[in-house]
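What follows is the content of input-v3.cif, which has mmCIF, C-alpha atoms:
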data_input
#
loop_
_atom_site.label_atom_id
_atom_site.label_comp_id
_atom_site.auth_asym_id
_atom_site.auth_seq_id
_atom_site.Cartn_x
_atom_site.Cartn_y
_atom_site.Cartn_z
CA MET A 1476 223.69 -30.42 -65.00
CA LEU A 1477 224.31 -27.21 -66.89
CA THR A 1478 224.25 -27.77 -70.63
CA ALA A 1479 226.18 -25.61 -73.08
CA GLU A 1480 222.91 -23.90 -73.94
CA ASP A 1481 222.16 -23.21 -70.26
CA LYS A 1482 225.59 -21.62 -69.86
CA LYS A 1483 225.03 -19.42 -72.88
CA LEU A 1484 221.62 -18.28 -71.63
CA ILE A 1485 222.97 -17.50 -68.16
CA GLN A 1486 225.79 -15.40 -69.56
CA GLN A 1487 223.36 -13.60 -71.86
CA VAL A 1488 220.96 -12.80 -69.04
CA TRP A 1489 223.76 -11.46 -66.89
CA GLY A 1490 224.96 -9.39 -69.82
CA LYS A 1491 221.51 -7.80 -70.11
CA LEU A 1492 221.75 -6.33 -66.61
CA GLY A 1493 223.97 -3.63 -68.06
CA GLY A 1494 225.56 -2.26 -64.93
CA ALA A 1495 222.46 -2.65 -62.76
CA GLU A 1496 224.07 -5.51 -60.87
CA GLU A 1497 224.23 -3.58 -57.60
CA ASP A 1498 220.56 -2.68 -57.75
CA VAL A 1499 219.74 -6.29 -58.55
CA GLY A 1500 221.68 -7.46 -55.51
CA ALA A 1501 220.09 -4.99 -53.13
CA GLU A 1502 216.61 -5.65 -54.45
CA THR A 1503 217.07 -9.42 -54.27
CA LEU A 1504 218.05 -9.21 -50.62
CA TRP A 1505 215.27 -6.79 -49.80
CA ARG A 1506 212.68 -9.05 -51.42
CA MET A 1507 214.12 -12.01 -49.52
CA PHE A 1508 213.81 -10.17 -46.22
CA CYS A 1509 210.21 -9.21 -47.07
CA SER A 1510 209.02 -12.59 -48.31
CA TYR A 1511 211.05 -14.76 -45.96
CA PRO A 1512 211.40 -12.87 -42.67
CA PRO A 1513 213.39 -15.65 -40.96
CA THR A 1514 216.27 -14.88 -43.33
CA LYS A 1515 216.77 -11.69 -41.35
CA THR A 1516 218.03 -13.77 -38.44
CA TYR A 1517 221.36 -13.99 -40.21
CA PHE A 1518 221.76 -10.23 -40.15
CA PRO A 1519 221.18 -9.04 -36.59
CA HIS A 1520 224.11 -6.69 -37.02
CA PHE A 1521 222.62 -4.98 -40.07
CA ASP A 1522 220.40 -1.97 -40.49
CA LEU A 1523 217.62 -3.76 -42.35
CA ALA A 1524 215.65 -0.68 -43.35
CA GLN A 1525 214.81 -0.50 -47.03
CA GLY A 1526 217.69 0.92 -49.02
CA SER A 1527 220.16 0.72 -46.16
CA ASP A 1528 223.84 1.03 -47.03
CA GLN A 1529 224.46 -2.36 -45.51
CA ILE A 1530 221.84 -4.06 -47.67
CA ARG A 1531 223.24 -2.34 -50.74
CA GLY A 1532 226.79 -3.29 -49.79
CA HIS A 1533 225.90 -6.87 -49.13
CA GLY A 1534 223.78 -7.14 -52.25
CA LYS A 1535 226.77 -5.92 -54.24
CA LYS A 1536 228.95 -8.62 -52.70
CA VAL A 1537 226.45 -11.37 -53.43
CA VAL A 1538 226.02 -10.30 -57.03
CA ALA A 1539 229.77 -9.99 -57.54
CA ALA A 1540 230.15 -13.57 -56.33
CA LEU A 1541 227.44 -14.72 -58.73
CA GLY A 1542 229.19 -12.83 -61.50
CA THR A 1543 232.41 -14.69 -60.70
CA ALA A 1544 230.52 -17.96 -60.74
CA ILE A 1545 229.06 -17.11 -64.15
CA LYS A 1546 232.56 -16.51 -65.53
CA ASN A 1547 233.58 -19.95 -64.23
CA LEU A 1548 230.61 -22.13 -65.03
CA ASP A 1549 232.89 -25.01 -65.95
CA ASN A 1550 234.51 -25.00 -62.56
CA LEU A 1551 232.10 -23.70 -59.96
CA SER A 1552 233.56 -25.74 -57.15
CA GLN A 1553 236.98 -24.19 -57.49
CA ALA A 1554 235.75 -20.68 -58.27
CA LEU A 1555 233.56 -20.61 -55.16
CA SER A 1556 235.89 -22.58 -52.91
CA GLU A 1557 236.58 -19.69 -50.54
CA LEU A 1558 232.90 -18.84 -50.26
CA SER A 1559 232.17 -22.48 -49.71
CA ASN A 1560 234.60 -22.50 -46.76
CA LEU A 1561 233.08 -19.30 -45.41
CA HIS A 1562 229.56 -20.67 -45.50
CA ALA A 1563 230.54 -24.02 -44.02
CA TYR A 1564 232.76 -22.94 -41.16
CA ASN A 1565 231.82 -19.39 -40.48
CA LEU A 1566 228.39 -18.31 -41.67
CA ARG A 1567 226.67 -21.68 -41.46
CA VAL A 1568 223.57 -20.43 -43.21
CA ASP A 1569 221.01 -23.20 -43.40
CA PRO A 1570 220.94 -24.30 -47.03
CA VAL A 1571 217.16 -23.91 -47.24
CA ASN A 1572 217.84 -20.18 -47.43
CA PHE A 1573 219.77 -20.52 -50.68
CA LYS A 1574 216.46 -21.47 -52.31
CA PHE A 1575 214.80 -18.34 -50.95
CA LEU A 1576 217.57 -16.16 -52.30
CA ALA A 1577 217.37 -17.94 -55.65
CA GLN A 1578 213.61 -17.42 -55.85
CA CYS A 1579 214.00 -13.71 -55.17
CA LEU A 1580 216.77 -13.36 -57.74
CA GLN A 1581 214.51 -15.05 -60.27
CA VAL A 1582 211.74 -12.59 -59.47
CA VAL A 1583 214.07 -9.60 -59.81
CA LEU A 1584 215.38 -10.83 -63.16
CA ALA A 1585 211.83 -11.57 -64.33
CA THR A 1586 210.59 -8.11 -63.39
CA ARG A 1587 213.47 -6.54 -65.29
CA LEU A 1588 213.38 -8.75 -68.36
CA GLY A 1589 209.62 -9.36 -68.69
CA LYS A 1590 208.89 -11.49 -71.74
CA GLU A 1591 212.61 -12.02 -72.29
CA TYR A 1592 212.59 -14.13 -69.16
CA THR A 1593 211.58 -17.13 -71.20
CA PRO A 1594 211.01 -20.62 -69.79
CA GLU A 1595 214.44 -21.63 -71.12
CA VAL A 1596 216.16 -18.73 -69.35
CA HIS A 1597 214.15 -19.40 -66.19
CA SER A 1598 215.23 -23.02 -66.28
CA ALA A 1599 218.90 -22.18 -66.85
CA VAL A 1600 219.00 -19.66 -64.01
CA ASP A 1601 217.23 -22.09 -61.69
CA LYS A 1602 219.76 -24.79 -62.49
CA PHE A 1603 222.63 -22.35 -62.03
CA MET A 1604 221.44 -21.17 -58.62
CA SER A 1605 220.90 -24.75 -57.62
CA ALA A 1606 224.49 -25.57 -58.60
CA VAL A 1607 225.81 -22.56 -56.68
CA ALA A 1608 223.81 -23.63 -53.61
CA SER A 1609 225.26 -27.13 -53.85
CA VAL A 1610 228.80 -25.80 -53.96
CA LEU A 1611 228.20 -23.45 -51.04
CA ALA A 1612 226.82 -26.30 -48.93
CA GLU A 1613 229.47 -28.80 -50.10
CA LYS A 1614 231.66 -28.64 -47.02
CA TYR A 1615 228.91 -28.36 -44.42
CA ARG A 1616 229.52 -31.89 -43.18
CA MET B 1287 194.02 -19.25 -38.19
CA VAL B 1288 195.29 -17.37 -41.19
CA HIS B 1289 195.24 -13.64 -40.88
CA TRP B 1290 195.10 -11.30 -43.83
CA THR B 1291 195.31 -7.57 -43.42
CA ALA B 1292 193.08 -5.42 -45.59
CA GLU B 1293 196.19 -4.27 -47.41
CA GLU B 1294 197.28 -7.83 -48.16
CA LYS B 1295 193.86 -8.73 -49.53
CA GLN B 1296 193.93 -5.61 -51.65
CA LEU B 1297 197.37 -6.51 -53.07
CA ILE B 1298 196.09 -9.95 -54.00
CA THR B 1299 192.75 -9.02 -55.51
CA SER B 1300 193.95 -5.98 -57.42
CA LEU B 1301 196.71 -7.98 -59.12
CA TRP B 1302 194.40 -10.94 -59.73
CA GLY B 1303 191.94 -8.66 -61.47
CA LYS B 1304 194.55 -8.03 -64.15
CA VAL B 1305 195.57 -11.66 -64.64
CA ASN B 1306 194.56 -13.53 -67.78
CA VAL B 1307 193.85 -16.83 -66.05
CA GLU B 1308 194.05 -18.93 -69.20
CA GLU B 1309 197.39 -17.50 -70.37
CA CYS B 1310 198.95 -17.33 -66.96
CA GLY B 1311 197.82 -20.82 -65.99
CA ALA B 1312 199.12 -22.29 -69.22
CA GLU B 1313 202.43 -20.53 -68.79
CA ALA B 1314 202.85 -21.52 -65.16
CA LEU B 1315 202.17 -25.19 -65.81
CA ALA B 1316 204.41 -25.21 -68.89
CA ARG B 1317 207.23 -23.67 -66.91
CA LEU B 1318 206.78 -26.23 -64.13
CA LEU B 1319 207.21 -29.03 -66.67
CA ILE B 1320 210.18 -27.28 -68.29
CA VAL B 1321 212.09 -26.06 -65.23
CA TYR B 1322 211.41 -29.20 -63.17
CA PRO B 1323 211.15 -31.92 -65.81
CA TRP B 1324 210.53 -34.65 -63.27
CA THR B 1325 207.07 -33.15 -62.74
CA GLN B 1326 206.20 -34.54 -66.16
CA ARG B 1327 205.73 -37.87 -64.38
CA PHE B 1328 202.11 -36.90 -63.66
CA PHE B 1329 201.27 -36.18 -67.26
CA ASP B 1330 201.96 -39.36 -69.24
CA THR B 1331 198.74 -38.93 -71.17
CA PHE B 1332 199.50 -35.39 -72.29
CA GLY B 1333 201.33 -36.33 -75.48
CA ASN B 1334 204.36 -34.42 -76.69
CA LEU B 1335 206.41 -32.96 -73.83
CA SER B 1336 209.73 -33.49 -75.53
CA SER B 1337 210.96 -29.89 -75.63
CA PRO B 1338 210.12 -26.47 -74.17
CA THR B 1339 208.48 -25.53 -77.48
CA ALA B 1340 206.41 -28.71 -77.48
CA ILE B 1341 205.36 -28.16 -73.87
CA VAL B 1342 204.41 -24.52 -74.36
CA GLY B 1343 202.35 -25.39 -77.44
CA ASN B 1344 200.74 -28.51 -75.99
CA PRO B 1345 196.96 -28.00 -75.85
CA LYS B 1346 196.53 -30.37 -72.90
CA VAL B 1347 199.10 -28.42 -70.93
CA ARG B 1348 197.30 -25.20 -71.74
CA ALA B 1349 193.92 -26.60 -70.76
CA HIS B 1350 195.17 -28.09 -67.54
CA GLY B 1351 197.07 -24.95 -66.65
CA LYS B 1352 193.87 -22.98 -67.04
CA LYS B 1353 192.03 -25.45 -64.80
CA VAL B 1354 194.66 -25.20 -62.09
CA LEU B 1355 194.76 -21.44 -62.09
CA THR B 1356 190.97 -21.16 -62.17
CA SER B 1357 190.98 -23.14 -58.97
CA PHE B 1358 193.48 -20.68 -57.57
CA GLY B 1359 190.94 -17.99 -58.34
CA GLU B 1360 188.50 -19.76 -56.05
CA ALA B 1361 191.04 -19.58 -53.26
CA ILE B 1362 191.33 -15.86 -53.79
CA LYS B 1363 187.57 -15.51 -53.39
CA ASN B 1364 187.86 -17.44 -50.12
CA LEU B 1365 191.04 -16.19 -48.53
CA ASP B 1366 189.62 -16.71 -45.07
CA ASN B 1367 188.79 -20.32 -45.69
CA LEU B 1368 191.54 -21.89 -47.76
CA LYS B 1369 191.30 -25.14 -45.82
CA GLY B 1370 187.62 -25.56 -46.63
CA THR B 1371 188.07 -24.48 -50.23
CA TYR B 1372 190.77 -27.07 -50.88
CA SER B 1373 189.54 -29.92 -48.70
CA LYS B 1374 188.17 -32.06 -51.51
CA LEU B 1375 191.02 -31.21 -53.87
CA SER B 1376 193.48 -32.19 -51.17
CA GLU B 1377 191.89 -35.63 -50.87
CA LEU B 1378 191.89 -35.96 -54.63
CA HIS B 1379 195.58 -35.10 -54.97
CA CYS B 1380 196.48 -37.62 -52.29
CA ASP B 1381 194.14 -40.52 -52.93
CA LYS B 1382 193.67 -40.43 -56.68
CA LEU B 1383 196.44 -38.35 -58.18
CA HIS B 1384 199.24 -39.31 -55.76
CA VAL B 1385 201.01 -35.99 -56.12
CA ASP B 1386 203.86 -35.20 -53.71
CA PRO B 1387 202.90 -31.89 -52.02
CA GLU B 1388 206.37 -30.56 -52.79
CA ASN B 1389 205.01 -30.05 -56.30
CA PHE B 1390 202.48 -27.52 -55.00
CA ARG B 1391 205.34 -25.47 -53.58
CA LEU B 1392 207.25 -25.68 -56.85
CA LEU B 1393 204.21 -24.56 -58.85
CA GLY B 1394 203.56 -21.71 -56.42
CA ASP B 1395 207.08 -20.35 -56.87
CA ILE B 1396 206.83 -20.71 -60.63
CA LEU B 1397 203.52 -18.81 -60.65
CA ILE B 1398 205.24 -15.98 -58.85
CA VAL B 1399 208.01 -15.78 -61.43
CA VAL B 1400 205.34 -15.73 -64.18
CA LEU B 1401 203.52 -12.89 -62.42
CA ALA B 1402 206.83 -11.06 -62.03
CA SER B 1403 207.59 -11.32 -65.74
CA HIS B 1404 204.08 -10.10 -66.67
CA PHE B 1405 203.76 -7.26 -64.21
CA THR B 1406 207.45 -6.28 -64.06
CA LYS B 1407 207.99 -3.35 -61.74
CA ASP B 1408 204.36 -3.42 -60.56
CA PHE B 1409 205.22 -6.73 -58.93
CA THR B 1410 206.74 -4.90 -56.00
CA PRO B 1411 208.51 -6.52 -53.04
CA ALA B 1412 205.34 -6.00 -50.96
CA CYS B 1413 203.30 -7.65 -53.67
CA GLN B 1414 205.70 -10.59 -53.91
CA ALA B 1415 205.68 -11.06 -50.14
CA VAL B 1416 201.90 -11.33 -50.03
CA TRP B 1417 201.79 -13.67 -52.99
CA GLN B 1418 204.53 -15.88 -51.52
CA LYS B 1419 202.38 -16.07 -48.38
CA LEU B 1420 199.34 -16.99 -50.49
CA VAL B 1421 201.01 -19.72 -52.54
CA GLY B 1422 202.51 -21.15 -49.36
CA LEU B 1423 199.07 -21.31 -47.74
CA VAL B 1424 197.48 -22.82 -50.84
CA ALA B 1425 200.19 -25.49 -50.93
CA HIS B 1426 199.60 -26.14 -47.25
CA ALA B 1427 195.82 -26.40 -47.71
CA LEU B 1428 196.27 -28.82 -50.60
CA ALA B 1429 198.56 -30.98 -48.49
CA ARG B 1430 196.33 -30.93 -45.44
CA LYS B 1431 194.25 -34.05 -46.14
CA TYR B 1432 197.22 -36.24 -47.01
CA HIS B 1433 197.61 -39.42 -45.08
#

Written form, structure tokens:
Amino acid sequence: MLTAEDKKLIQQVWGKLGGAEEDVGAETLWRMFCSYPPTKTYFPHFDLAQGSDQIRGHGKKVVAALGTAIKNLDNLSQALSELSNLHAYNLRVDPVNFKFLAQCLQVVLATRLGKEYTPEVHSAVDKFMSAVASVLAEKYR
Amino acid sequence: MVHWTAEEKQLITSLWGKVNVEECGAEALARLLIVYPWTQRFFDTFGNLSSPTAIVGNPKVRAHGKKVLTSFGEAIKNLDNLKGTYSKLSELHCDKLHVDPENFRLLGDILIVVLASHFTKDFTPACQAVWQKLVGLVAHALARKYH
């Protein structure tokens, strides 16, 4: 469960990205495709070359959704309801992949924040991504 | 049979050469206990694990973290024989320590985040991919003798 402190840390971390959200999104996806090649199976229609417009575009979408989630930490279920429907009925991404995305986001944040990516921040982000994954998989069955 | 390209081995060993095993090991284990508090179940005798500060400063955590990562170093010297390298440790973790292998995967991912925070942009996507492969194989080797 996200504590008040967790929520504060998550918002702070997101605040530190200072406009680099798009880059963060693209890099997260790219790292996911590199480290977990099976994740590419969900994007047969994409140009998956490094830096492709489609990866950038999709990374931007993902990060925007996370940004929305962060503004609605007290009501994730409602805030992500549409995305939850999309993932359940349309995309049907196996939930194991949410962990891979989360790991790659953690790595991107850690590379950008270095020492500022403290154990407490790491923990808060991990819990947050776990909560997002739960909401996205909520309606799967 | 695991296959490592020359490039992959190079990415592993060149990064490892810059790792402070004691610091990194301590940090990785501390983060495991902080981010996944249920892992504390294996460390009843470690004393004060009541807060992130306590965990990070705990000398037993530091010492054990160093031990764990030193063992990782052995794997890196024997990339072509991870199974052999971890055979005895695998038996130990099953028969004596009773550790769920899922914990090896958790620690592996945590180690990668620690490396990312230390090496920042030098921890490139290619680097991460190779290290994710390595921690996955180490976890697999450690789980191999379970029964």

Using all atoms listed in the file, determine which residues of chain A fall within 9 Å of chain B; present them as a tab-separated table (two decimals) with C-alpha atoms, keeping the file's coordinate frame.
chain	number	residue	atom	x	y	z
A	1502	GLU	CA	216.61	-5.65	-54.45
A	1505	TRP	CA	215.27	-6.79	-49.80
A	1506	ARG	CA	212.68	-9.05	-51.42
A	1507	MET	CA	214.12	-12.01	-49.52
A	1509	CYS	CA	210.21	-9.21	-47.07
A	1510	SER	CA	209.02	-12.59	-48.31
A	1511	TYR	CA	211.05	-14.76	-45.96
A	1578	GLN	CA	213.61	-17.42	-55.85
A	1579	CYS	CA	214.00	-13.71	-55.17
A	1581	GLN	CA	214.51	-15.05	-60.27
A	1582	VAL	CA	211.74	-12.59	-59.47
A	1583	VAL	CA	214.07	-9.60	-59.81
A	1584	LEU	CA	215.38	-10.83	-63.16
A	1585	ALA	CA	211.83	-11.57	-64.33
A	1586	THR	CA	210.59	-8.11	-63.39
A	1587	ARG	CA	213.47	-6.54	-65.29
A	1588	LEU	CA	213.38	-8.75	-68.36
A	1589	GLY	CA	209.62	-9.36	-68.69
A	1590	LYS	CA	208.89	-11.49	-71.74
A	1591	GLU	CA	212.61	-12.02	-72.29
A	1592	TYR	CA	212.59	-14.13	-69.16
A	1593	THR	CA	211.58	-17.13	-71.20
A	1594	PRO	CA	211.01	-20.62	-69.79
A	1595	GLU	CA	214.44	-21.63	-71.12
A	1597	HIS	CA	214.15	-19.40	-66.19
A	1598	SER	CA	215.23	-23.02	-66.28
A	1599	ALA	CA	218.90	-22.18	-66.85
A	1601	ASP	CA	217.23	-22.09	-61.69
A	1602	LYS	CA	219.76	-24.79	-62.49

Result set of the PyMOL selection byres ((chain A and resi 1607) around 12) on the coordinates above, as a JSON list (two decimals) with C-alpha atoms, keeping the file's coordinate frame:
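Below is the file that was written, selection33.json:
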[["chain", "number", "residue", "atom", "x", "y", "z"],
["A", 1476, "MET", "CA", 223.69, -30.42, -65.00],
["A", 1477, "LEU", "CA", 224.31, -27.21, -66.89],
["A", 1537, "VAL", "CA", 226.45, -11.37, -53.43],
["A", 1540, "ALA", "CA", 230.15, -13.57, -56.33],
["A", 1541, "LEU", "CA", 227.44, -14.72, -58.73],
["A", 1542, "GLY", "CA", 229.19, -12.83, -61.50],
["A", 1543, "THR", "CA", 232.41, -14.69, -60.70],
["A", 1544, "ALA", "CA", 230.52, -17.96, -60.74],
["A", 1545, "ILE", "CA", 229.06, -17.11, -64.15],
["A", 1547, "ASN", "CA", 233.58, -19.95, -64.23],
["A", 1548, "LEU", "CA", 230.61, -22.13, -65.03],
["A", 1549, "ASP", "CA", 232.89, -25.01, -65.95],
["A", 1550, "ASN", "CA", 234.51, -25.00, -62.56],
["A", 1551, "LEU", "CA", 232.10, -23.70, -59.96],
["A", 1552, "SER", "CA", 233.56, -25.74, -57.15],
["A", 1553, "GLN", "CA", 236.98, -24.19, -57.49],
["A", 1554, "ALA", "CA", 235.75, -20.68, -58.27],
["A", 1555, "LEU", "CA", 233.56, -20.61, -55.16],
["A", 1556, "SER", "CA", 235.89, -22.58, -52.91],
["A", 1558, "LEU", "CA", 232.90, -18.84, -50.26],
["A", 1559, "SER", "CA", 232.17, -22.48, -49.71],
["A", 1562, "HIS", "CA", 229.56, -20.67, -45.50],
["A", 1570, "PRO", "CA", 220.94, -24.30, -47.03],
["A", 1573, "PHE", "CA", 219.77, -20.52, -50.68],
["A", 1574, "LYS", "CA", 216.46, -21.47, -52.31],
["A", 1576, "LEU", "CA", 217.57, -16.16, -52.30],
["A", 1577, "ALA", "CA", 217.37, -17.94, -55.65],
["A", 1600, "VAL", "CA", 219.00, -19.66, -64.01],
["A", 1601, "ASP", "CA", 217.23, -22.09, -61.69],
["A", 1602, "LYS", "CA", 219.76, -24.79, -62.49],
["A", 1603, "PHE", "CA", 222.63, -22.35, -62.03],
["A", 1604, "MET", "CA", 221.44, -21.17, -58.62],
["A", 1605, "SER", "CA", 220.90, -24.75, -57.62],
["A", 1606, "ALA", "CA", 224.49, -25.57, -58.60],
["A", 1608, "ALA", "CA", 223.81, -23.63, -53.61],
["A", 1609, "SER", "CA", 225.26, -27.13, -53.85],
["A", 1610, "VAL", "CA", 228.80, -25.80, -53.96],
["A", 1611, "LEU", "CA", 228.20, -23.45, -51.04],
["A", 1612, "ALA", "CA", 226.82, -26.30, -48.93],
["A", 1613, "GLU", "CA", 229.47, -28.80, -50.10]]

(request) Kindly give the distance, in Å, that separates CA of Val1421 (chain B) and CA of Leu1368 (chain B), rounded to a single decimal. (result) 10.8 Å

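One finds CA of Gln1529 (chain A) at 12.8 Å from CA of Lys1515 (chain A).
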
(message) Which residues are close to region 1350-1363 of chain B, i.e. within 8 Å by all atoms listed in the file, leaving aside same-chain residues fewer than 2 positions away? Reply as a PyMOL selection string.
(response) chain B and resi 1298-1299+1302+1307-1316+1346-1348+1365+1367-1368+1371-1372+1424

Run through the PyMOL selection byres ((chain A and resi 1486-1501) around 8) on the given coordinates and return the selected residues as a PDB file with C-alpha atoms, in the frame of the given file.
ATOM      1  CA  LYS A1482     225.590 -21.620 -69.860  1.00  0.00           C
ATOM      2  CA  LYS A1483     225.030 -19.420 -72.880  1.00  0.00           C
ATOM      3  CA  LEU A1484     221.620 -18.280 -71.630  1.00  0.00           C
ATOM      4  CA  ILE A1485     222.970 -17.500 -68.160  1.00  0.00           C
ATOM      5  CA  GLU A1502     216.610  -5.650 -54.450  1.00  0.00           C
ATOM      6  CA  THR A1503     217.070  -9.420 -54.270  1.00  0.00           C
ATOM      7  CA  LEU A1504     218.050  -9.210 -50.620  1.00  0.00           C
ATOM      8  CA  TRP A1505     215.270  -6.790 -49.800  1.00  0.00           C
ATOM      9  CA  GLY A1526     217.690   0.920 -49.020  1.00  0.00           C
ATOM     10  CA  ILE A1530     221.840  -4.060 -47.670  1.00  0.00           C
ATOM     11  CA  ARG A1531     223.240  -2.340 -50.740  1.00  0.00           C
ATOM     12  CA  GLY A1532     226.790  -3.290 -49.790  1.00  0.00           C
ATOM     13  CA  HIS A1533     225.900  -6.870 -49.130  1.00  0.00           C
ATOM     14  CA  GLY A1534     223.780  -7.140 -52.250  1.00  0.00           C
ATOM     15  CA  LYS A1535     226.770  -5.920 -54.240  1.00  0.00           C
ATOM     16  CA  LYS A1536     228.950  -8.620 -52.700  1.00  0.00           C
ATOM     17  CA  VAL A1537     226.450 -11.370 -53.430  1.00  0.00           C
ATOM     18  CA  VAL A1538     226.020 -10.300 -57.030  1.00  0.00           C
ATOM     19  CA  ALA A1539     229.770  -9.990 -57.540  1.00  0.00           C
ATOM     20  CA  GLY A1542     229.190 -12.830 -61.500  1.00  0.00           C
ATOM     21  CA  ILE A1545     229.060 -17.110 -64.150  1.00  0.00           C
ATOM     22  CA  LYS A1546     232.560 -16.510 -65.530  1.00  0.00           C
ATOM     23  CA  LEU A1580     216.770 -13.360 -57.740  1.00  0.00           C
ATOM     24  CA  VAL A1583     214.070  -9.600 -59.810  1.00  0.00           C
ATOM     25  CA  LEU A1584     215.380 -10.830 -63.160  1.00  0.00           C
ATOM     26  CA  VAL A1596     216.160 -18.730 -69.350  1.00  0.00           C
TER      27      VAL A1596
END
